[in-house]
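Colleague: For reference, the structure I am asking about is given below.
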Amino acid sequence: MNATPFLRIEKVSHRFEDAHPVWALREVSLTASEGEFVALVGPSGCGKSTLLRIVAGLIRPAKGQVWVEGNPLSGPRPDVGMVFQHANLMPWRTVIANVRLPLEIMGIPRAEADARAREFIHLVGLVKFENAYPHQLSGGMQQRVALARALVHNPRLLLLDEPFAALDALTRERMNLELLRIWHYRQTALMVTHSIPEAVFIADRVLVMTPRPGHIAGEVKITLPRPRTLDMMAWPEFGQLAQHVRDMVSQTQNGGD
Ligand SMILES: Nc1ncnc2c1ncn2[C@@H]1O[C@H](COP(=O)(O)OP(=O)(O)OP(=O)(O)O)[C@@H](O)[C@H]1O
Ligand SMILES: [Mg+2]
């Protein structure tokens, strides 16, 4: 791996200070090189969303440091695209107005912003819903709008928190393929998912987290070639990799940590 990884998370621990203080993360360290797709799996409540928010610059970790291209992260960056676990769309804005928001913030002229937003609305299969409001969409459709919004400004770092959890199995497979097509090795990506096959299908590396306070228990390098195709899911190698991840997950849950 490169001497200066695109993303370096160094011994990040976090504790939420409220009525029931809880350590959510314990000394999480990981790196991702430029253009690498890293998937993160781990049990509910182990701190995955917290970790993504820290990397997005939305939460300052209690301990440790995040580095992007060798510089310490001090807050949100414009070159990051994030899909939250819940779509987080602006309810008073139409689909197209939600998707073009990052471009508006960057000061891109309206006509250009709309054209680019339309391109991404097309990619996520929502052409007919460009002028709909979020409450008129299903949960899965809202999540697709969120994905379009995360990608529209061509971010260098993509943070995805269970982006496809609300989708049916068939749409999910299609979105997995679409995501890989849109991503096309361009962004460094960190994706949380509860689906082991999805993690293996999409990522270059799958990291397994322990229960709370979460830390990285191990990783599985995904040796499948790219571009990935759905038929690879039937390959023996795919099954072996998924089993390897599954074993690691069950070890951490049996107190193997
Ligand atoms: N804003 C907050 N205030 C207080 N505690 C929080 C906050 N956000 C998360 N936590 C706590 O931190 C821990 C980790 O939460 P987090 O949402 O990061 O888990 P997760 O791994 O994303 O879980 P899931 O898979 O269910 O989405 C949990 O115990 C949760 O209760
Ligand atoms: Mg979460």
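To be explicit about the labels: the chains of the structure tokens are called A, B, and onward in the order shown, and within each one the residues are counted from 1, while ligands get numbers from 1 in the order they are shown.
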So which residues of stretch 60-197 of chain A fall under strand (DSSP E) by DSSP, listed as a PyMOL selection string?
Modeller: chain A and resi 63-68+71-72+80-83+157-161+188-192
Colleague: Report the closest atom pair, with its distance in Å rounded to one decimal, for each residue of chain A that has an atom no farther than 9 Å from ligand 2; count only C-alpha atoms and all ligand atoms, sort by chain and then rising residue number, and write it as a tab-separated table.
Modeller:
residue	atom	partner	partner_atom_place_in_ligand_line	distance
A:Ser44	CA	ligand 2	1 (Mg)	6.9
A:Gly45	CA	ligand 2	1 (Mg)	6.8
A:Cys46	CA	ligand 2	1 (Mg)	8.2
A:Gly47	CA	ligand 2	1 (Mg)	6.9
A:Lys48	CA	ligand 2	1 (Mg)	5.4
A:Ser49	CA	ligand 2	1 (Mg)	4.1
A:Thr50	CA	ligand 2	1 (Mg)	7.2
A:Leu52	CA	ligand 2	1 (Mg)	8.9
A:Phe84	CA	ligand 2	1 (Mg)	8.5
A:Gln85	CA	ligand 2	1 (Mg)	6.2
A:Asp161	CA	ligand 2	1 (Mg)	6.6
A:Glu162	CA	ligand 2	1 (Mg)	7.5
A:Val192	CA	ligand 2	1 (Mg)	7.8
A:Thr193	CA	ligand 2	1 (Mg)	9.0
Colleague: Might you pull out every residue within 7 Å of stretch 143-151 of chain A, with only C-alpha atoms counted and same-chain residues fewer than 6 positions away left off, and present them as number ranges by chain?
Modeller: A: 81-83, 87, 89, 95, 98-100, 120-121, 124, 163
Colleague: Would you work out the distance separating atom 2 (C, counted along the ligand's line) of ligand 1 from atom CA of A:Arg53, expressed in Å to one decimal?
Modeller: 11.0 Å
Colleague: Find the residues near stretch 26-41 of chain A: any atom within 6 Å, counting only C-alpha atoms, skip ones fewer than 2 places away on the same chain, and give them as a PyMOL selection string.
Modeller: chain A and resi 5-13+185-194+199+203-208+213-215
Colleague: Output C-alpha atoms for every residue in the selection just made, as a short mmCIF file (atom, residue, chain, number, x, y, z; two decimals), in the first residue's frame.
Modeller:
data_model
loop_
_atom_site.label_atom_id
_atom_site.label_comp_id
_atom_site.auth_asym_id
_atom_site.auth_seq_id
_atom_site.Cartn_x
_atom_site.Cartn_y
_atom_site.Cartn_z
CA PRO A 5 -3.13 6.44 2.07
CA PHE A 6 -6.03 8.61 0.91
CA LEU A 7 -7.81 7.99 4.19
CA ARG A 8 -6.24 7.09 7.50
CA ILE A 9 -8.20 6.56 10.67
CA GLU A 10 -5.85 6.36 13.60
CA LYS A 11 -6.90 5.00 16.99
CA VAL A 12 -10.28 6.69 16.93
CA SER A 13 -12.36 6.20 20.07
CA TYR A 185 -12.62 3.19 -9.33
CA ARG A 186 -12.80 6.95 -9.09
CA GLN A 187 -13.65 7.52 -5.47
CA THR A 188 -12.29 6.13 -2.29
CA ALA A 189 -15.34 4.60 -0.67
CA LEU A 190 -16.32 3.36 2.76
CA MET A 191 -19.63 1.53 2.88
CA VAL A 192 -21.47 0.08 5.86
CA THR A 193 -23.69 -2.88 5.06
CA HIS A 194 -25.37 -5.71 6.94
CA ALA A 199 -19.93 -6.43 0.90
CA ALA A 203 -15.61 -4.14 -2.04
CA ASP A 204 -11.86 -4.55 -2.41
CA ARG A 205 -11.65 -5.26 1.30
CA VAL A 206 -14.22 -6.15 3.93
CA LEU A 207 -13.54 -5.05 7.50
CA VAL A 208 -15.32 -6.78 10.35
CA PRO A 213 -17.37 -0.52 21.66
CA GLY A 214 -16.59 -1.32 18.07
CA HIS A 215 -13.13 -1.91 16.80
#
Colleague: What gap, in Å, lies between atom CA of A:Asn71 and atom CA of A:Thr210?
Modeller: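 That distance, rounded to one decimal, is 27.9 Å.
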Colleague: Stretch 104-107 of chain A: which residues within 12 Å, counting only C-alpha atoms, same-chain residues fewer than 2 positions away excluded, as a list in words?
Modeller: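 Answer for this query is Arg77, Pro78, Asp79, Ile96, Ala97, Asn98, Val99, Arg100, Leu101, Pro102, Pro109, Arg110, Ala111, Glu112, Ala113, Asp114, Arg116, Ala117, Arg149, Val152, His153, Asn154 and Pro155 of chain A.
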Colleague: If you run DSSP over the backbone, which residues in stretch 58-255 of chain A end up helix (DSSP H, G or I)? Put them as an MDAnalysis selection string.
Modeller: chainID A and resid 95:99 101:105 110:123 127:129 134:136 139:151 169:183 196:202 230:234 236:253
Colleague: Please produce a file of the residues just selected, as a PDB file, in the first residue's frame, where the atoms kept are C-alpha atoms.
Modeller:
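Result went into out-v2.pdb, see below:
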ATOM      1  CA  VAL A  95     -36.207  15.284  -6.076  1.00  0.00           C
ATOM      2  CA  ILE A  96     -34.202  17.384  -8.510  1.00  0.00           C
ATOM      3  CA  ALA A  97     -33.794  20.195  -5.981  1.00  0.00           C
ATOM      4  CA  ASN A  98     -32.534  17.709  -3.398  1.00  0.00           C
ATOM      5  CA  VAL A  99     -30.078  16.144  -5.832  1.00  0.00           C
ATOM      6  CA  LEU A 101     -28.094  20.784  -3.511  1.00  0.00           C
ATOM      7  CA  PRO A 102     -24.341  19.990  -3.329  1.00  0.00           C
ATOM      8  CA  LEU A 103     -23.903  21.771  -6.686  1.00  0.00           C
ATOM      9  CA  GLU A 104     -25.820  24.819  -5.430  1.00  0.00           C
ATOM     10  CA  ILE A 105     -23.536  24.949  -2.418  1.00  0.00           C
ATOM     11  CA  ARG A 110     -28.628  26.467 -12.151  1.00  0.00           C
ATOM     12  CA  ALA A 111     -28.855  25.147 -15.739  1.00  0.00           C
ATOM     13  CA  GLU A 112     -25.636  23.176 -15.385  1.00  0.00           C
ATOM     14  CA  ALA A 113     -26.607  21.932 -11.925  1.00  0.00           C
ATOM     15  CA  ASP A 114     -30.009  20.766 -13.198  1.00  0.00           C
ATOM     16  CA  ALA A 115     -28.456  18.964 -16.159  1.00  0.00           C
ATOM     17  CA  ARG A 116     -26.035  17.118 -13.916  1.00  0.00           C
ATOM     18  CA  ALA A 117     -28.721  16.347 -11.339  1.00  0.00           C
ATOM     19  CA  ARG A 118     -30.899  14.886 -14.120  1.00  0.00           C
ATOM     20  CA  GLU A 119     -28.042  12.647 -15.228  1.00  0.00           C
ATOM     21  CA  PHE A 120     -27.839  11.137 -11.746  1.00  0.00           C
ATOM     22  CA  ILE A 121     -31.618  10.920 -11.331  1.00  0.00           C
ATOM     23  CA  HIS A 122     -31.558   8.907 -14.548  1.00  0.00           C
ATOM     24  CA  LEU A 123     -28.773   6.662 -13.220  1.00  0.00           C
ATOM     25  CA  VAL A 127     -36.600  10.015 -14.230  1.00  0.00           C
ATOM     26  CA  LYS A 128     -40.364  10.263 -13.818  1.00  0.00           C
ATOM     27  CA  PHE A 129     -40.054  11.497 -10.254  1.00  0.00           C
ATOM     28  CA  PRO A 134     -39.822  13.027  -0.798  1.00  0.00           C
ATOM     29  CA  HIS A 135     -43.125  12.147   0.928  1.00  0.00           C
ATOM     30  CA  GLN A 136     -44.436  10.950  -2.432  1.00  0.00           C
ATOM     31  CA  GLY A 139     -38.271   4.483   1.358  1.00  0.00           C
ATOM     32  CA  GLY A 140     -36.142   2.765  -1.280  1.00  0.00           C
ATOM     33  CA  MET A 141     -36.779   5.543  -3.799  1.00  0.00           C
ATOM     34  CA  GLN A 142     -35.801   8.146  -1.206  1.00  0.00           C
ATOM     35  CA  GLN A 143     -32.597   6.235  -0.606  1.00  0.00           C
ATOM     36  CA  ARG A 144     -31.864   6.291  -4.342  1.00  0.00           C
ATOM     37  CA  VAL A 145     -32.352  10.077  -4.360  1.00  0.00           C
ATOM     38  CA  ALA A 146     -29.872  10.247  -1.474  1.00  0.00           C
ATOM     39  CA  LEU A 147     -27.390   8.190  -3.507  1.00  0.00           C
ATOM     40  CA  ALA A 148     -27.775  10.524  -6.496  1.00  0.00           C
ATOM     41  CA  ARG A 149     -27.232  13.519  -4.191  1.00  0.00           C
ATOM     42  CA  ALA A 150     -24.093  11.931  -2.709  1.00  0.00           C
ATOM     43  CA  LEU A 151     -22.559  11.380  -6.149  1.00  0.00           C
ATOM     44  CA  ALA A 169     -33.554  -7.967  -3.302  1.00  0.00           C
ATOM     45  CA  LEU A 170     -33.842  -7.424  -7.058  1.00  0.00           C
ATOM     46  CA  THR A 171     -33.569  -3.638  -6.930  1.00  0.00           C
ATOM     47  CA  ARG A 172     -30.717  -4.044  -4.489  1.00  0.00           C
ATOM     48  CA  GLU A 173     -28.732  -6.190  -6.925  1.00  0.00           C
ATOM     49  CA  ARG A 174     -29.374  -3.692  -9.691  1.00  0.00           C
ATOM     50  CA  MET A 175     -28.269  -0.833  -7.431  1.00  0.00           C
ATOM     51  CA  ASN A 176     -25.110  -2.754  -6.459  1.00  0.00           C
ATOM     52  CA  LEU A 177     -24.219  -2.959 -10.136  1.00  0.00           C
ATOM     53  CA  GLU A 178     -25.178   0.675 -10.753  1.00  0.00           C
ATOM     54  CA  LEU A 179     -23.078   1.796  -7.829  1.00  0.00           C
ATOM     55  CA  LEU A 180     -20.036  -0.046  -9.174  1.00  0.00           C
ATOM     56  CA  ARG A 181     -20.645   1.407 -12.619  1.00  0.00           C
ATOM     57  CA  ILE A 182     -20.967   4.969 -11.298  1.00  0.00           C
ATOM     58  CA  TRP A 183     -18.075   4.525  -8.901  1.00  0.00           C
ATOM     59  CA  ILE A 196     -22.131 -10.054   3.642  1.00  0.00           C
ATOM     60  CA  PRO A 197     -22.757 -10.980  -0.038  1.00  0.00           C
ATOM     61  CA  GLU A 198     -23.198  -7.284  -0.871  1.00  0.00           C
ATOM     62  CA  ALA A 199     -19.929  -6.430   0.900  1.00  0.00           C
ATOM     63  CA  VAL A 200     -18.053  -9.184  -0.966  1.00  0.00           C
ATOM     64  CA  PHE A 201     -19.624  -8.266  -4.295  1.00  0.00           C
ATOM     65  CA  ILE A 202     -18.774  -4.578  -4.077  1.00  0.00           C
ATOM     66  CA  LEU A 230     -23.695 -10.807 -10.899  1.00  0.00           C
ATOM     67  CA  ASP A 231     -22.750 -14.306 -12.097  1.00  0.00           C
ATOM     68  CA  MET A 232     -19.636 -14.077  -9.893  1.00  0.00           C
ATOM     69  CA  MET A 233     -21.960 -14.580  -6.935  1.00  0.00           C
ATOM     70  CA  ALA A 234     -22.186 -18.218  -8.029  1.00  0.00           C
ATOM     71  CA  PRO A 236     -16.864 -20.972  -5.531  1.00  0.00           C
ATOM     72  CA  GLU A 237     -14.375 -18.209  -4.706  1.00  0.00           C
ATOM     73  CA  PHE A 238     -17.277 -15.868  -3.911  1.00  0.00           C
ATOM     74  CA  GLY A 239     -18.772 -18.425  -1.542  1.00  0.00           C
ATOM     75  CA  GLN A 240     -15.406 -18.965   0.172  1.00  0.00           C
ATOM     76  CA  LEU A 241     -14.843 -15.237   0.677  1.00  0.00           C
ATOM     77  CA  ALA A 242     -18.360 -14.753   2.062  1.00  0.00           C
ATOM     78  CA  GLN A 243     -17.856 -17.699   4.410  1.00  0.00           C
ATOM     79  CA  HIS A 244     -14.565 -16.258   5.580  1.00  0.00           C
ATOM     80  CA  VAL A 245     -16.291 -12.968   6.471  1.00  0.00           C
ATOM     81  CA  ARG A 246     -19.174 -14.834   8.117  1.00  0.00           C
ATOM     82  CA  ASP A 247     -16.754 -16.864  10.270  1.00  0.00           C
ATOM     83  CA  MET A 248     -14.996 -13.701  11.356  1.00  0.00           C
ATOM     84  CA  VAL A 249     -18.324 -12.082  12.257  1.00  0.00           C
ATOM     85  CA  SER A 250     -19.430 -15.063  14.331  1.00  0.00           C
ATOM     86  CA  GLN A 251     -16.074 -15.252  16.129  1.00  0.00           C
ATOM     87  CA  THR A 252     -16.418 -11.637  17.236  1.00  0.00           C
ATOM     88  CA  GLN A 253     -19.962 -12.253  18.438  1.00  0.00           C
TER      89      GLN A 253
END
Colleague: Rank nothing, just name the residue among A:Leu160, A:Leu137, A:Ile108, A:Leu73 nearest to ligand 1, using only C-alpha atoms and all ligand atoms.
Modeller: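 Using only C-alpha atoms and all ligand atoms, the shortest distance to ligand 1 belongs to A:Leu160.
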